[in-house]
Amino acid sequence: MTHTFDKSKLPSRHVSVGVESAPHRSYYYAMGWTEEDIAKPFVALASAGNDSAPCNTMLDAQADWAREGVMAAGGTPFRFNTITVTDGIAMGHQGMKSSLASREVIADSVELSVRGHCYDALVAFAGCDKSLPGMMMSMLRLNVPSIFVYGGSILPGTYEGHDVTVVDVFEVVGKYAAGACPLKEVHALEKVACPGHGACGGQFTANTMACVGEAIGLSLPNSNMAPAPYKSRQEVAVAAGKQVMELLAKNIRPRDICTREAFENAARIVAATGGSTNGALHLPAMANECGIDFDLFDVAEIFKTTPYMADLKPGGRYVAKDMHDAGGIYMLMKSLAETGLLHLDCMTVTGKTLGENIDEVTWNPDQKVIYDAKTPLSPTGGVVGLKGSLAPEGAIVKVAGMKRLQFEGPAVVFDCEEDAFEAVEHRKIEDGQVVVIRYEGPKGGPGMREMLSTTAALYGLGMGEKVALITDGRFSGATRGFCIGHVGPEAAEGGPIALVENGDIIAIDAEAGTIDLKVDEAVLAERRKNWQPRQNDYQAGALWRFAQNVGPARKGAVTHPGAKAETHVFADI
């Protein structure tokens, strides 16, 4: 349905209406737009498309398909691009310090482009890790009618008759280091693990945040789990272009959708799917854009009461394609809703409530991926929050698929990931130890690196659940094993993790939600007197700027005050 819009109430009036806009209109004529086109609402199509990695290679095409939907529904589309940093390629070296900072750059760049060109609505396309929350943060910051579209996951590779993902490649590196496989196995696996376009197939960060997009109401129902190569991705893109015009006509905005209750729904889905611990970093950051207090401890409280329902990698057996074939995230929410754990009256981009959307879904008892909420894989979520003397501001661990939920042992301490990886590679880590990697937090890194190379190598060595690993940095959604991240306060701020010494006993209980350093307070007080802040190697450029502005992981590692400090919202200019 095509609506009639009053441009005098829309941001694009500043660049398209009145005599004073004649210079602006001359640019639109130069691009082939007609007078009728210029009189319509302007819709931004923000794409994180690029050739850096397969996660992003289909996004520009999808954004271009969305043009059809926008134009069919009475709008004029304008595509622009933003950056991504692809974690699978940035992993295991200094490049990973750019990953989290890229989330802020993505949100900022989309904001600036929309502000500068006075767009009335936004459809955002992302495929890899931080680009998903970055896009959703920009939507919430700008608060123009918006829809988020995920580019879709990669299809699984096949090796020796079973499905494989890029995580298998990371882990075979450790296997090779242990002398447990020949080099030719590494080469054979790396060539088949990623067979085409799309983001990593397991319930890693990208798919976790894609599920969040649907659960929080910013994405069309059952749109995000379809793999990138599926023809339905074109249908989703066109539908998003059409539907954003409906949202504009009804003035339904992202902050109308993303209430506190919607954030609670999203946190439930992270836990129920055994999703990435990064979800507990990105949800607080998104909430900051709305002026909603929703930190790591709020997320962790929800995790405690959420059943773990989806048998997805890395802790389970299946990938995103299987989740899609089983009915997608709405199939899971269909069962979860019956437990009373979802807020069903939250608005979504369909213009209907979450409950109304779920009512249109029929439970599929024949699929094997999604367990009924009444008989889940485990009664509590696949992700757990921790707190204790080692982490007064919290920490987080992914327990999906783990058999061991308690761990106590002596610390072996490293002040950067490279030193820890070298120790793992040279088999200097012993069973029963607690590996501590510090000065990798938001400020200290800077950039809060993920540690997949190290954790995967441990798994490849057969030590995945024989040691624990603790960091003030992050873990990839692909990480498995007893790996605790987001420890706060971070070492760079003088948190307790900065005071740990080799041999100190650390106790972790993922059932009780505790993480404690078993050292007398008097001893810690003496160490604190001798502690000196450290200067990182990034004293200029984007990472310096990030380190100067970034807040604690507990609150999402954000770099600005958020909606609470706003004096105006862009949508109302």
# chains A, B, ... in the order shown; residues from 1 in each chain; ligands from 1
$ residues_around --residues "Arg233 of chain A" --least-positions-apart "2" --cutoff "12 Å" --atoms "only C-alpha atoms" --output "ChimeraX atom specification"
/A:58-59,61-66,125,149-153,198,220,222-231,235-240
$ write_last_selection --atoms "N, CA and C atoms" --output "mmCIF file, in the first residue's frame"
data_model
loop_
_atom_site.group_PDB
_atom_site.id
_atom_site.type_symbol
_atom_site.label_atom_id
_atom_site.label_comp_id
_atom_site.auth_asym_id
_atom_site.auth_seq_id
_atom_site.Cartn_x
_atom_site.Cartn_y
_atom_site.Cartn_z
ATOM 1 N N MET A 58 27.287 -10.265 0.202
ATOM 2 C CA MET A 58 25.946 -10.231 -0.383
ATOM 3 C C MET A 58 25.130 -9.013 0.052
ATOM 4 N N LEU A 59 25.675 -8.197 0.931
ATOM 5 C CA LEU A 59 24.870 -7.141 1.547
ATOM 6 C C LEU A 59 24.481 -6.036 0.571
ATOM 7 N N ALA A 61 23.968 -6.236 -2.605
ATOM 8 C CA ALA A 61 22.889 -6.739 -3.467
ATOM 9 C C ALA A 61 21.566 -6.717 -2.727
ATOM 10 N N GLN A 62 21.589 -7.085 -1.455
ATOM 11 C CA GLN A 62 20.351 -7.083 -0.672
ATOM 12 C C GLN A 62 19.826 -5.659 -0.474
ATOM 13 N N ALA A 63 20.739 -4.741 -0.205
ATOM 14 C CA ALA A 63 20.317 -3.341 -0.071
ATOM 15 C C ALA A 63 19.723 -2.822 -1.372
ATOM 16 N N ASP A 64 20.290 -3.248 -2.495
ATOM 17 C CA ASP A 64 19.748 -2.824 -3.789
ATOM 18 C C ASP A 64 18.380 -3.451 -4.048
ATOM 19 N N TRP A 65 18.165 -4.684 -3.605
ATOM 20 C CA TRP A 65 16.836 -5.288 -3.725
ATOM 21 C C TRP A 65 15.815 -4.503 -2.902
ATOM 22 N N ALA A 66 16.253 -3.986 -1.767
ATOM 23 C CA ALA A 66 15.332 -3.227 -0.915
ATOM 24 C C ALA A 66 14.836 -1.959 -1.604
ATOM 25 N N PHE A 125 21.591 -3.090 6.708
ATOM 26 C CA PHE A 125 22.004 -4.442 6.317
ATOM 27 C C PHE A 125 23.392 -4.731 6.888
ATOM 28 N N VAL A 149 18.102 -5.763 8.793
ATOM 29 C CA VAL A 149 18.150 -6.973 7.977
ATOM 30 C C VAL A 149 19.526 -7.605 8.104
ATOM 31 N N TYR A 150 19.554 -8.858 8.483
ATOM 32 C CA TYR A 150 20.792 -9.638 8.547
ATOM 33 C C TYR A 150 21.049 -10.254 7.181
ATOM 34 N N GLY A 151 22.307 -10.245 6.754
ATOM 35 C CA GLY A 151 22.634 -10.761 5.432
ATOM 36 C C GLY A 151 22.539 -12.257 5.290
ATOM 37 N N GLY A 152 22.481 -12.975 6.420
ATOM 38 C CA GLY A 152 22.347 -14.421 6.377
ATOM 39 C C GLY A 152 23.652 -15.147 6.641
ATOM 40 N N SER A 153 23.516 -16.383 7.082
ATOM 41 C CA SER A 153 24.688 -17.175 7.450
ATOM 42 C C SER A 153 25.220 -17.975 6.274
ATOM 43 N N GLY A 198 28.197 -15.590 3.274
ATOM 44 C CA GLY A 198 27.448 -15.600 4.522
ATOM 45 C C GLY A 198 28.336 -15.554 5.747
ATOM 46 N N LEU A 220 12.038 -8.253 10.608
ATOM 47 C CA LEU A 220 10.819 -8.966 10.225
ATOM 48 C C LEU A 220 10.867 -10.399 10.752
ATOM 49 N N ASN A 222 11.110 -14.256 11.294
ATOM 50 C CA ASN A 222 11.723 -15.368 10.550
ATOM 51 C C ASN A 222 12.464 -14.914 9.289
ATOM 52 N N SER A 223 13.118 -13.771 9.405
ATOM 53 C CA SER A 223 13.861 -13.242 8.259
ATOM 54 C C SER A 223 15.357 -13.463 8.379
ATOM 55 N N ASN A 224 15.882 -13.609 9.580
ATOM 56 C CA ASN A 224 17.329 -13.514 9.766
ATOM 57 C C ASN A 224 18.081 -14.836 9.728
ATOM 58 N N MET A 225 17.405 -15.956 9.958
ATOM 59 C CA MET A 225 18.117 -17.230 9.982
ATOM 60 C C MET A 225 18.302 -17.856 8.599
ATOM 61 N N ALA A 226 17.643 -17.310 7.594
ATOM 62 C CA ALA A 226 17.801 -17.859 6.245
ATOM 63 C C ALA A 226 19.238 -17.635 5.761
ATOM 64 N N PRO A 227 19.925 -18.684 5.303
ATOM 65 C CA PRO A 227 21.313 -18.524 4.842
ATOM 66 C C PRO A 227 21.440 -17.528 3.693
ATOM 67 N N ALA A 228 22.613 -16.935 3.596
ATOM 68 C CA ALA A 228 22.867 -15.901 2.585
ATOM 69 C C ALA A 228 22.571 -16.345 1.160
ATOM 70 N N PRO A 229 22.879 -17.603 0.782
ATOM 71 C CA PRO A 229 22.639 -17.990 -0.617
ATOM 72 C C PRO A 229 21.167 -18.244 -0.961
ATOM 73 N N TYR A 230 20.281 -18.300 0.029
ATOM 74 C CA TYR A 230 18.884 -18.630 -0.240
ATOM 75 C C TYR A 230 18.203 -17.505 -1.015
ATOM 76 N N LYS A 231 17.357 -17.876 -1.961
ATOM 77 C CA LYS A 231 16.617 -16.895 -2.747
ATOM 78 C C LYS A 231 15.704 -16.052 -1.862
ATOM 79 N N GLU A 235 13.595 -11.777 -1.160
ATOM 80 C CA GLU A 235 12.222 -11.511 -0.735
ATOM 81 C C GLU A 235 12.206 -10.725 0.578
ATOM 82 N N VAL A 236 13.107 -11.089 1.489
ATOM 83 C CA VAL A 236 13.200 -10.381 2.771
ATOM 84 C C VAL A 236 13.592 -8.925 2.549
ATOM 85 N N ALA A 237 14.580 -8.686 1.680
ATOM 86 C CA ALA A 237 15.055 -7.325 1.436
ATOM 87 C C ALA A 237 13.958 -6.452 0.833
ATOM 88 N N VAL A 238 13.243 -6.978 -0.139
ATOM 89 C CA VAL A 238 12.145 -6.223 -0.756
ATOM 90 C C VAL A 238 11.065 -5.937 0.279
ATOM 91 N N ALA A 239 10.728 -6.948 1.079
ATOM 92 C CA ALA A 239 9.691 -6.779 2.102
ATOM 93 C C ALA A 239 10.094 -5.734 3.129
ATOM 94 N N ALA A 240 11.388 -5.697 3.490
ATOM 95 C CA ALA A 240 11.853 -4.692 4.445
ATOM 96 C C ALA A 240 11.712 -3.291 3.865
#
$ select_by_dssp --residues "segment 85-128 of chain A" --states "strand (DSSP E or B)" --output "PyMOL selection string"
chain A and resi 121-126
$ residues_around --residues "segment 530-543 of chain A" --least-positions-apart "6" --cutoff "9 Å" --atoms "only C-alpha atoms" --output "ChimeraX atom specification"
/A:97-98,101,439,443-447,491-494,498-499
$ select_by_dssp --residues "segment 241-433 of chain A" --states "alpha helix (DSSP H)" --output "ChimeraX atom specification"
/A:241-250,254-257,260-272,279-290,296-304,320-326,328-337,354-359,417-425
$ closest_residue --among "A:Ala46, A:Cys346, A:Leu312, A:Met333" --to "Asp359 of chain A" --atoms "only C-alpha atoms"
A:Met333
$ residues_around --residues "Gly92 of chain A" --least-positions-apart "5" --cutoff "10 Å" --atoms "only C-alpha atoms" --output "PyMOL selection string"
chain A and resi 87+97+170+417-418+421+449-454
$ closest_residue --among "A:Lys7, A:Gln243, A:Ser113, A:Ser232" --to "Phe148 of chain A" --atoms "only C-alpha atoms"
A:Gln243
$ residues_around --residues "segment 340-345 of chain A" --least-positions-apart "6" --cutoff "6 Å" --atoms "only C-alpha atoms" --output "PyMOL selection string"
chain A and resi 265+353-355
